[in-house]
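S.K.: What follows is a structure written as structure tokens; I'll ask about it next.
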Amino acid sequence: MRVLVVDDHRIFAEALAAALAAEPDVEVGAAGSAAAAERALERAATEGRAFDVVLVDADLGVAEAGAAARKPRQPSADPPDALRRRPAATVPTPRRPPVAQAPGPSATPGPSGAAGPPGTAARPPASPRPAAHPAGPYPAEPHPAAPVIPAAAPATGPAAAPAPDGITLLARVRRHHPGLRAIVLATADDPHRAARALHAGATGWVAKESSLARLLAVIRGVLRDETHLPPALLTGVIRELTTARRDRTESERLVDTLTPREKQILRCMVAGLGRQAVAERLYLSPHTVRTHMQNVLGKLGVHSTLAAVAVARRAGVSPSELVAPAAPPSVATTTSPGPG
């Protein structure tokens, strides 16, 4: 049997792979990240040597994501982008005052202290025009006319999503490799996460401190289509699964109260379509779509589109296929030809 160990703790992964490889009927591979695991699975399937079992760390990627979030920002010698893009500050040259005729010829000191030509008025000393800054760092004291723009804060939000954990990876690889058996390696017994793992397609949950004999027994058991959970987890996992089933049943009941058109609207909402896109897809007016959406929210007992989508997903509602809608039927195809 071929086993793939997926764990980002290198020492643990190498030690476990070496211990499993000592068994005469076990061939082992190892991956240190979700991306490496997916590549290894695809390559093995392409070569006709697919893995039979994958052992996934439940906390895969969590430590790395936490360390990245706690890492302090290092000061940089280069200025922030906002400062680097700022144009050089300039001071406008004061307007030249009109020439005042002096009562008699006199010499007025020039800007540099030298006497100017007779009959000219005194000119205020012009402020020196600052030279354009080079591409390098700005001086420590910028011109007061150009206040320093603070550095932009690091971007946060959905664009900087953390790496998926092991259970997320497990669900993804199970969709692409349905025949693959999956076992979760965990540092602690957590009924909620164990229930999540079962929903994702896992058939085993093993503590990392378990003996090699115990792990081998679970591996061989899942290959016989058995499900292995620690006895201490059973009660909590059953409670979690019962609660999830109750929520699903209630969501299904709410969705069943919708009309066929409202269910169609709900599927478009699950697919992420906005009101205008739904209107174009179903050949309805935006006002009609808005009315249907309001009816959907009311019947589901929610107040937002996100909450409605959550209810739909719990009920197992699949998103509407994002394909180009067919052209609406024309009058010529819907009316029967007249006599003659």
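Chain labels run A, B, ... following the order of the structure tokens; each chain numbers its residues from 1, and ligands are numbered from 1 in the order shown.
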Run DSSP on the backbone and give me the residues of segment 176-207 of chain A it puts in helix (DSSP H, G or I), as a list in words.
M.R.: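 The helix (DSSP H, G or I) residues within segment 176-207 of chain A come out as His176, Pro191, His192, Arg193, Ala194, Ala195, Arg196, Ala197, Leu198, His199 and Ala200 of chain A.
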S.K.: Which residues of segment 273-313 of chain A sit at most 12 Å from segment 237-256 of chain A, using only C-alpha atoms? Give each one's shortest atom pair and distance in Å (one decimal place), in chain and ascending residue order, as a Markdown table.
M.R.:
| residue | atom | partner | partner_atom | distance |
| --- | --- | --- | --- | --- |
| A:Asn295 | CA | A:Val255 | CA | 11.8 |
| A:Val296 | CA | A:Val255 | CA | 8.7 |
| A:Leu297 | CA | A:Leu254 | CA | 10.4 |
| A:Gly298 | CA | A:Leu254 | CA | 10.3 |
| A:Lys299 | CA | A:Leu254 | CA | 6.9 |
| A:Leu300 | CA | A:Leu254 | CA | 5.6 |
| A:Gly301 | CA | A:Leu254 | CA | 8.4 |
| A:Val302 | CA | A:Leu254 | CA | 10.8 |
| A:Ala307 | CA | A:Ser251 | CA | 11.4 |
| A:Ala308 | CA | A:Val255 | CA | 9.7 |
| A:Val309 | CA | A:Ser251 | CA | 10.7 |
| A:Ala310 | CA | A:Ser251 | CA | 9.2 |
| A:Val311 | CA | A:Ser251 | CA | 5.6 |
| A:Ala312 | CA | A:Ser251 | CA | 6.9 |
| A:Arg313 | CA | A:Ser251 | CA | 8.6 |
S.K.: Write the residues of the preceding selection, restricted to N, CA, C and O atoms, as a PDB file, in the first residue's frame.
M.R.:
ATOM      1  N   ASN A 295     -38.690  38.219  -0.974  1.00  0.00           N
ATOM      2  CA  ASN A 295     -39.531  37.093  -0.562  1.00  0.00           C
ATOM      3  C   ASN A 295     -38.678  35.935  -0.048  1.00  0.00           C
ATOM      4  O   ASN A 295     -39.037  35.264   0.924  1.00  0.00           O
ATOM      5  N   VAL A 296     -37.533  35.688  -0.715  1.00  0.00           N
ATOM      6  CA  VAL A 296     -36.639  34.609  -0.274  1.00  0.00           C
ATOM      7  C   VAL A 296     -36.125  34.899   1.124  1.00  0.00           C
ATOM      8  O   VAL A 296     -36.135  34.016   2.009  1.00  0.00           O
ATOM      9  N   LEU A 297     -35.657  36.128   1.368  1.00  0.00           N
ATOM     10  CA  LEU A 297     -35.149  36.470   2.694  1.00  0.00           C
ATOM     11  C   LEU A 297     -36.232  36.326   3.757  1.00  0.00           C
ATOM     12  O   LEU A 297     -35.971  35.816   4.854  1.00  0.00           O
ATOM     13  N   GLY A 298     -37.446  36.768   3.429  1.00  0.00           N
ATOM     14  CA  GLY A 298     -38.527  36.664   4.397  1.00  0.00           C
ATOM     15  C   GLY A 298     -38.884  35.223   4.733  1.00  0.00           C
ATOM     16  O   GLY A 298     -39.090  34.872   5.894  1.00  0.00           O
ATOM     17  N   LYS A 299     -38.979  34.373   3.729  1.00  0.00           N
ATOM     18  CA  LYS A 299     -39.341  32.978   3.980  1.00  0.00           C
ATOM     19  C   LYS A 299     -38.247  32.203   4.703  1.00  0.00           C
ATOM     20  O   LYS A 299     -38.528  31.268   5.454  1.00  0.00           O
ATOM     21  N   LEU A 300     -36.997  32.585   4.466  1.00  0.00           N
ATOM     22  CA  LEU A 300     -35.889  31.915   5.163  1.00  0.00           C
ATOM     23  C   LEU A 300     -35.650  32.496   6.543  1.00  0.00           C
ATOM     24  O   LEU A 300     -34.845  31.944   7.316  1.00  0.00           O
ATOM     25  N   GLY A 301     -36.297  33.602   6.865  1.00  0.00           N
ATOM     26  CA  GLY A 301     -36.149  34.200   8.190  1.00  0.00           C
ATOM     27  C   GLY A 301     -34.808  34.859   8.415  1.00  0.00           C
ATOM     28  O   GLY A 301     -34.294  34.863   9.534  1.00  0.00           O
ATOM     29  N   VAL A 302     -34.231  35.445   7.362  1.00  0.00           N
ATOM     30  CA  VAL A 302     -32.927  36.102   7.468  1.00  0.00           C
ATOM     31  C   VAL A 302     -33.063  37.525   6.952  1.00  0.00           C
ATOM     32  O   VAL A 302     -34.093  37.903   6.387  1.00  0.00           O
ATOM     33  N   ALA A 307     -26.687  35.615   4.782  1.00  0.00           N
ATOM     34  CA  ALA A 307     -27.380  34.679   5.659  1.00  0.00           C
ATOM     35  C   ALA A 307     -28.247  33.713   4.850  1.00  0.00           C
ATOM     36  O   ALA A 307     -28.346  32.518   5.178  1.00  0.00           O
ATOM     37  N   ALA A 308     -28.866  34.211   3.795  1.00  0.00           N
ATOM     38  CA  ALA A 308     -29.667  33.331   2.939  1.00  0.00           C
ATOM     39  C   ALA A 308     -28.794  32.282   2.263  1.00  0.00           C
ATOM     40  O   ALA A 308     -29.173  31.108   2.151  1.00  0.00           O
ATOM     41  N   VAL A 309     -27.608  32.680   1.814  1.00  0.00           N
ATOM     42  CA  VAL A 309     -26.687  31.724   1.190  1.00  0.00           C
ATOM     43  C   VAL A 309     -26.238  30.682   2.203  1.00  0.00           C
ATOM     44  O   VAL A 309     -26.108  29.499   1.873  1.00  0.00           O
ATOM     45  N   ALA A 310     -26.012  31.088   3.457  1.00  0.00           N
ATOM     46  CA  ALA A 310     -25.615  30.128   4.493  1.00  0.00           C
ATOM     47  C   ALA A 310     -26.707  29.088   4.723  1.00  0.00           C
ATOM     48  O   ALA A 310     -26.434  27.893   4.842  1.00  0.00           O
ATOM     49  N   VAL A 311     -27.965  29.534   4.782  1.00  0.00           N
ATOM     50  CA  VAL A 311     -29.084  28.585   4.937  1.00  0.00           C
ATOM     51  C   VAL A 311     -29.151  27.647   3.736  1.00  0.00           C
ATOM     52  O   VAL A 311     -29.355  26.434   3.880  1.00  0.00           O
ATOM     53  N   ALA A 312     -28.972  28.197   2.539  1.00  0.00           N
ATOM     54  CA  ALA A 312     -29.039  27.374   1.333  1.00  0.00           C
ATOM     55  C   ALA A 312     -27.934  26.320   1.323  1.00  0.00           C
ATOM     56  O   ALA A 312     -28.172  25.165   0.946  1.00  0.00           O
ATOM     57  N   ARG A 313     -26.739  26.704   1.735  1.00  0.00           N
ATOM     58  CA  ARG A 313     -25.635  25.728   1.746  1.00  0.00           C
ATOM     59  C   ARG A 313     -25.881  24.629   2.777  1.00  0.00           C
ATOM     60  O   ARG A 313     -25.570  23.465   2.527  1.00  0.00           O
TER      61      ARG A 313
END
S.K.: Tell me, as a list in words, which residues lie within 12 Å of Glu226 of chain A, counting only C-alpha atoms; anything in the same chain fewer than 3 positions away does not count.
M.R.: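 The contact residues come out as Arg181, Ala182, Ile183, Ala202, Thr203, Gly204, Trp205, Ala217, Val218, Ile219, Arg220, Gly221, Val222, Leu223 and Leu229 of chain A.
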S.K.: Could you give me, as a PyMOL selection string, the residues within 12 Å of Gly274 of chain A, counting only C-alpha atoms and dropping anything in the same chain fewer than 6 positions from it?
M.R.: chain A and resi 265-268+280-281+286+289-290+293+305-306
S.K.: Expressed in Å to a single decimal, how great is the separation between atom CA of Leu20 of chain A and atom CA of Arg196 of chain A?
M.R.: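 These atoms are spaced 26.6 Å apart.
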S.K.: I'd like the interatomic distance between atom CA of Thr259 of chain A and atom CA of Thr291 of chain A, to a tenth of an Å.
M.R.: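 Atom CA of Thr259 of chain A sits 13.0 Å away from atom CA of Thr291 of chain A.
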S.K.: Excluding same-chain residues fewer than 6 positions from Ala31 of chain A, what lies within 8 Å of it counting only C-alpha atoms, as number ranges by chain?
M.R.: A: 4-8, 37, 40
S.K.: For a quick check of understanding, using only C-alpha atoms, which of A:Ala30, A:Val54, A:Ala207, A:Ala21 has the smallest distance to Ala171 of chain A?
M.R.: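 Between A:Ala30, A:Val54, A:Ala207, A:Ala21, the residue approaching Ala171 of chain A most closely is A:Val54.
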S.K.: Which of segment 146-286 of chain A end up as strand (DSSP E or B) when DSSP is run on this backbone - answer as a PyMOL selection string?
M.R.: chain A and resi 181-186+204-207+228
S.K.: Measuring atom to atom with only C-alpha atoms, identify which of A:Arg193, A:His177, A:His303, A:Arg224 is nearest to Leu41 of chain A.
M.R.: A:His177
